[in-house]
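Below is one structure, written out as structure tokens, with a few remarks after it.
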Amino acid sequence: MSATKNTPAELFEHLKFITGQDNLSTTNGTRMFKYALNDYSAIAMSADGVQKFDGTGHGDYPVATSTVSVSNPKIELDKAFLQMDRVTITLSDGSERPLKAIDRRDHKDITLLKFYGTGTPTAYDIDANSLEVFPHPEKDYTVTVYYTRAAKHMDVTDDTNDVGIRLTHHYYLILHAARQMGFAVLGANRVDIRDELIKWEGNESSGRQSGGKIRSDFSTRDEDRPKRLRVKNRSYQQFGRTSSTTYNK
């Protein structure tokens, strides 16, 4: 046991401790923590800003590279990506050029290929699980996709590695797993677990979520960035008022 990290095995043992389910199998435990990490990632990814969310359990960076060519202007997207950050091509001098995102639905009366032609790509369109560059390339180019992905799933028999998300957020995974167990065995404690999870996940209204510890944390990770001063719009103060000026006397 480490004082600076929690292993998946430690979280699993605490889950069994607070629920009283000492016979909970590692198979069921691993599956429940997988769903907990999926929900945690969804909240973090919807709230992150310039500093993108990524689980520390991954052994690489959320970056994928591929080559587009005259005969193949498309690349298959990495199956791990869930949110696109940016896309670039590498020019002959070794520098990267950002590509702008376009949508073929904005060109209903003309095909993208006819609109952009061929040349050095400046834009990209995503259709299903593939990315196509425009103009279509006149030679080979390296395309780099920077994306955001969910936290890596864990094995509750692992007593060596860290869970992969922030140390202060580990208890959320336990509560989430306990809520899943509550549908079957916990009964009377389900309300307490629900109330605790609201503190972490926030509230939902009309299909939109707001508030909660996780969302608050990830939405303020880039607080060291300069902030713009916003001018308060007071034009509404005159809306609907009757002027004291009399016209056409």
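Starting from 1 in every chain, residues are counted up; chains themselves are A, B, ... following the order of the structure tokens, and ligands are numbered from 1 as listed.
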
Tell me which protein, DNA and RNA residues are within 8 Å of Pro137 in chain A, counting only C-alpha atoms, leaving out same-chain ones fewer than 4 positions away, and put them as a list in words.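 These residues fall inside the cut-off: Val68, Ser69, Val70, Pro73, Thr118, Gly119, Thr120, Pro121, Val133 and Tyr141 of chain A.
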
What's the 6 Å shell around Thr144 in chain A, counting only C-alpha atoms, without same-chain residues fewer than 2 positions away, as a JSON list (two decimals) with N, CA and C atoms, in the first residue's frame?
```
[["chain", "number", "residue", "atom", "x", "y", "z"],
["A", 64, "ALA", "N", -2.07, 10.69, -33.06],
["A", 64, "ALA", "CA", -1.98, 9.66, -34.08],
["A", 64, "ALA", "C", -1.49, 10.29, -35.38],
["A", 65, "THR", "N", -0.62, 9.60, -36.09],
["A", 65, "THR", "CA", -0.11, 10.09, -37.37],
["A", 65, "THR", "C", -0.41, 9.07, -38.47],
["A", 87, "VAL", "N", -5.95, 19.10, -35.99],
["A", 87, "VAL", "CA", -5.36, 18.28, -37.04],
["A", 87, "VAL", "C", -4.35, 19.13, -37.79],
["A", 88, "THR", "N", -3.19, 18.55, -38.10],
["A", 88, "THR", "CA", -2.16, 19.28, -38.84],
["A", 88, "THR", "C", -1.59, 18.39, -39.95]]
```

Rounded to one decimal in Å, what is the spacing between CA of Ile193 in chain A and CA of Ala178 in chain A?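 Going from CA of Ile193 in chain A over to CA of Ala178 in chain A, I get 7.4 Å.
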
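Compared by their closest atoms to Thr160 in chain A, and using only C-alpha atoms, the residues A:Phe81, A:Leu37, A:Gly57, A:Ile126 rank with A:Gly57 nearest.
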
Env of Asp127 in chain A: 12 Å cut, atoms = only C-alpha atoms, seq-sep filter 2 positions within chain, self excluded. Answer as number ranges by chain. A: 74-77, 101-105, 124-125, 129-133

Per-residue DSSP, range 45-232 of chain A, filtered to helix (DSSP H, G or I), as a ChimeraX atom specification: /A:45-47,104-106,112-116,167-201,213-218

Write a file of the selected residues as a compact mmCIF listing (two decimals), in the first residue's frame, keeping N, CA and C atoms.
```
# COMPACT_ATOMS: atom_id res chain seq x y z
N MET A 45 -14.09 15.20 -19.82
CA MET A 45 -13.89 15.63 -21.20
C MET A 45 -14.88 16.72 -21.60
N SER A 46 -16.05 16.74 -20.99
CA SER A 46 -17.03 17.78 -21.31
C SER A 46 -16.71 19.09 -20.62
N ALA A 47 -15.83 19.05 -19.61
CA ALA A 47 -15.54 20.25 -18.82
C ALA A 47 -14.13 20.78 -19.03
N ARG A 104 -19.13 18.70 -45.08
CA ARG A 104 -19.65 18.55 -46.44
C ARG A 104 -21.11 18.97 -46.55
N ARG A 105 -21.83 18.99 -45.42
CA ARG A 105 -23.23 19.42 -45.46
C ARG A 105 -23.37 20.91 -45.75
N ASP A 106 -22.27 21.67 -45.61
CA ASP A 106 -22.30 23.09 -45.94
C ASP A 106 -22.08 23.33 -47.43
N LEU A 112 -17.11 18.54 -52.31
CA LEU A 112 -15.93 19.15 -51.69
C LEU A 112 -14.72 19.06 -52.62
N LEU A 113 -14.59 17.96 -53.34
CA LEU A 113 -13.45 17.82 -54.25
C LEU A 113 -13.50 18.87 -55.36
N LYS A 114 -14.70 19.12 -55.91
CA LYS A 114 -14.81 20.13 -56.96
C LYS A 114 -14.60 21.52 -56.40
N PHE A 115 -15.04 21.75 -55.17
CA PHE A 115 -14.89 23.07 -54.55
C PHE A 115 -13.43 23.36 -54.22
N TYR A 116 -12.71 22.38 -53.67
CA TYR A 116 -11.33 22.60 -53.22
C TYR A 116 -10.28 22.19 -54.24
N LEU A 167 -5.68 11.63 -7.78
CA LEU A 167 -5.74 10.95 -6.48
C LEU A 167 -6.95 11.39 -5.68
N THR A 168 -7.30 12.66 -5.74
CA THR A 168 -8.42 13.18 -4.95
C THR A 168 -9.78 12.78 -5.52
N HIS A 169 -9.79 12.15 -6.68
CA HIS A 169 -11.05 11.75 -7.31
C HIS A 169 -11.30 10.24 -7.25
N HIS A 170 -10.41 9.51 -6.63
CA HIS A 170 -10.54 8.05 -6.62
C HIS A 170 -11.82 7.58 -5.92
N TYR A 171 -12.24 8.31 -4.91
CA TYR A 171 -13.41 7.87 -4.15
C TYR A 171 -14.67 7.89 -5.01
N TYR A 172 -14.69 8.75 -6.03
CA TYR A 172 -15.83 8.76 -6.95
C TYR A 172 -16.03 7.41 -7.60
N LEU A 173 -14.95 6.75 -7.99
CA LEU A 173 -15.05 5.45 -8.65
C LEU A 173 -15.67 4.42 -7.72
N ILE A 174 -15.32 4.49 -6.44
CA ILE A 174 -15.89 3.57 -5.46
C ILE A 174 -17.39 3.81 -5.31
N LEU A 175 -17.78 5.09 -5.20
CA LEU A 175 -19.20 5.42 -5.07
C LEU A 175 -19.98 4.98 -6.32
N HIS A 176 -19.39 5.19 -7.47
CA HIS A 176 -20.06 4.80 -8.71
C HIS A 176 -20.28 3.29 -8.76
N ALA A 177 -19.25 2.54 -8.38
CA ALA A 177 -19.38 1.08 -8.36
C ALA A 177 -20.41 0.65 -7.32
N ALA A 178 -20.45 1.33 -6.18
CA ALA A 178 -21.42 1.00 -5.13
C ALA A 178 -22.84 1.26 -5.62
N ARG A 179 -23.03 2.34 -6.41
CA ARG A 179 -24.35 2.61 -6.97
C ARG A 179 -24.78 1.47 -7.89
N GLN A 180 -23.87 0.95 -8.70
CA GLN A 180 -24.21 -0.16 -9.57
C GLN A 180 -24.61 -1.40 -8.76
N MET A 181 -23.89 -1.64 -7.67
CA MET A 181 -24.23 -2.77 -6.81
C MET A 181 -25.58 -2.57 -6.14
N GLY A 182 -25.92 -1.30 -5.88
CA GLY A 182 -27.16 -0.98 -5.19
C GLY A 182 -28.40 -1.42 -5.92
N PHE A 183 -28.31 -1.54 -7.24
CA PHE A 183 -29.48 -2.00 -7.99
C PHE A 183 -29.82 -3.45 -7.66
N ALA A 184 -28.84 -4.16 -7.10
CA ALA A 184 -29.07 -5.58 -6.82
C ALA A 184 -29.12 -5.91 -5.33
N VAL A 185 -28.22 -5.28 -4.53
CA VAL A 185 -28.07 -5.80 -3.16
C VAL A 185 -28.12 -4.77 -2.05
N LEU A 186 -27.90 -3.48 -2.34
CA LEU A 186 -27.70 -2.54 -1.23
C LEU A 186 -29.00 -1.93 -0.70
N GLY A 187 -30.03 -1.90 -1.50
CA GLY A 187 -31.34 -1.49 -1.03
C GLY A 187 -31.39 -0.14 -0.34
N ALA A 188 -31.46 -0.14 1.00
CA ALA A 188 -31.71 1.06 1.79
C ALA A 188 -30.62 2.11 1.64
N ASN A 189 -29.42 1.71 1.26
CA ASN A 189 -28.32 2.67 1.17
C ASN A 189 -28.25 3.39 -0.17
N ARG A 190 -29.15 3.06 -1.08
CA ARG A 190 -29.07 3.64 -2.42
C ARG A 190 -29.27 5.15 -2.40
N VAL A 191 -30.12 5.67 -1.53
CA VAL A 191 -30.37 7.11 -1.45
C VAL A 191 -29.11 7.83 -0.98
N ASP A 192 -28.43 7.29 0.02
CA ASP A 192 -27.20 7.91 0.51
C ASP A 192 -26.14 7.95 -0.59
N ILE A 193 -26.01 6.86 -1.32
CA ILE A 193 -25.03 6.80 -2.41
C ILE A 193 -25.39 7.80 -3.50
N ARG A 194 -26.69 7.90 -3.82
CA ARG A 194 -27.13 8.87 -4.83
C ARG A 194 -26.77 10.29 -4.43
N ASP A 195 -27.02 10.64 -3.18
CA ASP A 195 -26.74 12.00 -2.71
C ASP A 195 -25.25 12.31 -2.74
N GLU A 196 -24.43 11.31 -2.43
CA GLU A 196 -22.98 11.51 -2.47
C GLU A 196 -22.51 11.70 -3.91
N LEU A 197 -23.08 10.94 -4.84
CA LEU A 197 -22.66 11.04 -6.23
C LEU A 197 -23.07 12.37 -6.86
N ILE A 198 -24.18 12.94 -6.41
CA ILE A 198 -24.58 14.25 -6.93
C ILE A 198 -23.51 15.30 -6.62
N LYS A 199 -22.86 15.16 -5.47
CA LYS A 199 -21.78 16.10 -5.12
C LYS A 199 -20.64 16.02 -6.14
N TRP A 200 -20.44 14.85 -6.71
CA TRP A 200 -19.37 14.65 -7.68
C TRP A 200 -19.82 14.94 -9.11
N GLU A 201 -21.00 14.46 -9.47
CA GLU A 201 -21.44 14.53 -10.85
C GLU A 201 -22.24 15.78 -11.19
N LYS A 213 -18.11 18.24 -8.34
CA LYS A 213 -16.68 18.40 -8.07
C LYS A 213 -15.82 18.14 -9.31
N ILE A 214 -16.15 17.11 -10.08
CA ILE A 214 -15.32 16.74 -11.23
C ILE A 214 -15.34 17.85 -12.28
N ARG A 215 -16.54 18.30 -12.63
CA ARG A 215 -16.68 19.34 -13.64
C ARG A 215 -16.02 20.65 -13.19
N SER A 216 -16.19 20.98 -11.93
CA SER A 216 -15.59 22.20 -11.39
C SER A 216 -14.08 22.14 -11.46
N ASP A 217 -13.51 20.99 -11.15
CA ASP A 217 -12.06 20.83 -11.14
C ASP A 217 -11.47 21.00 -12.53
N PHE A 218 -12.03 20.29 -13.51
CA PHE A 218 -11.45 20.31 -14.85
C PHE A 218 -11.74 21.60 -15.60
```

Coordinates-based distance that separates CA of Lys52 in chain A from CA of Ala123 in chain A (Å, one decimal): 22.5 Å

May I ask for the distance between CA of Ile43 in chain A and CA of Gly212 in chain A, given in Å to one decimal place?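 Between CA of Ile43 in chain A and CA of Gly212 in chain A the gap is 9.5 Å.
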
Exercise: Ala9 in chain A partners within 7 Å, only C-alpha atoms, chain neighbours under 3 positions left out, as a PyMOL selection string: chain A and resi 12-13+156-159
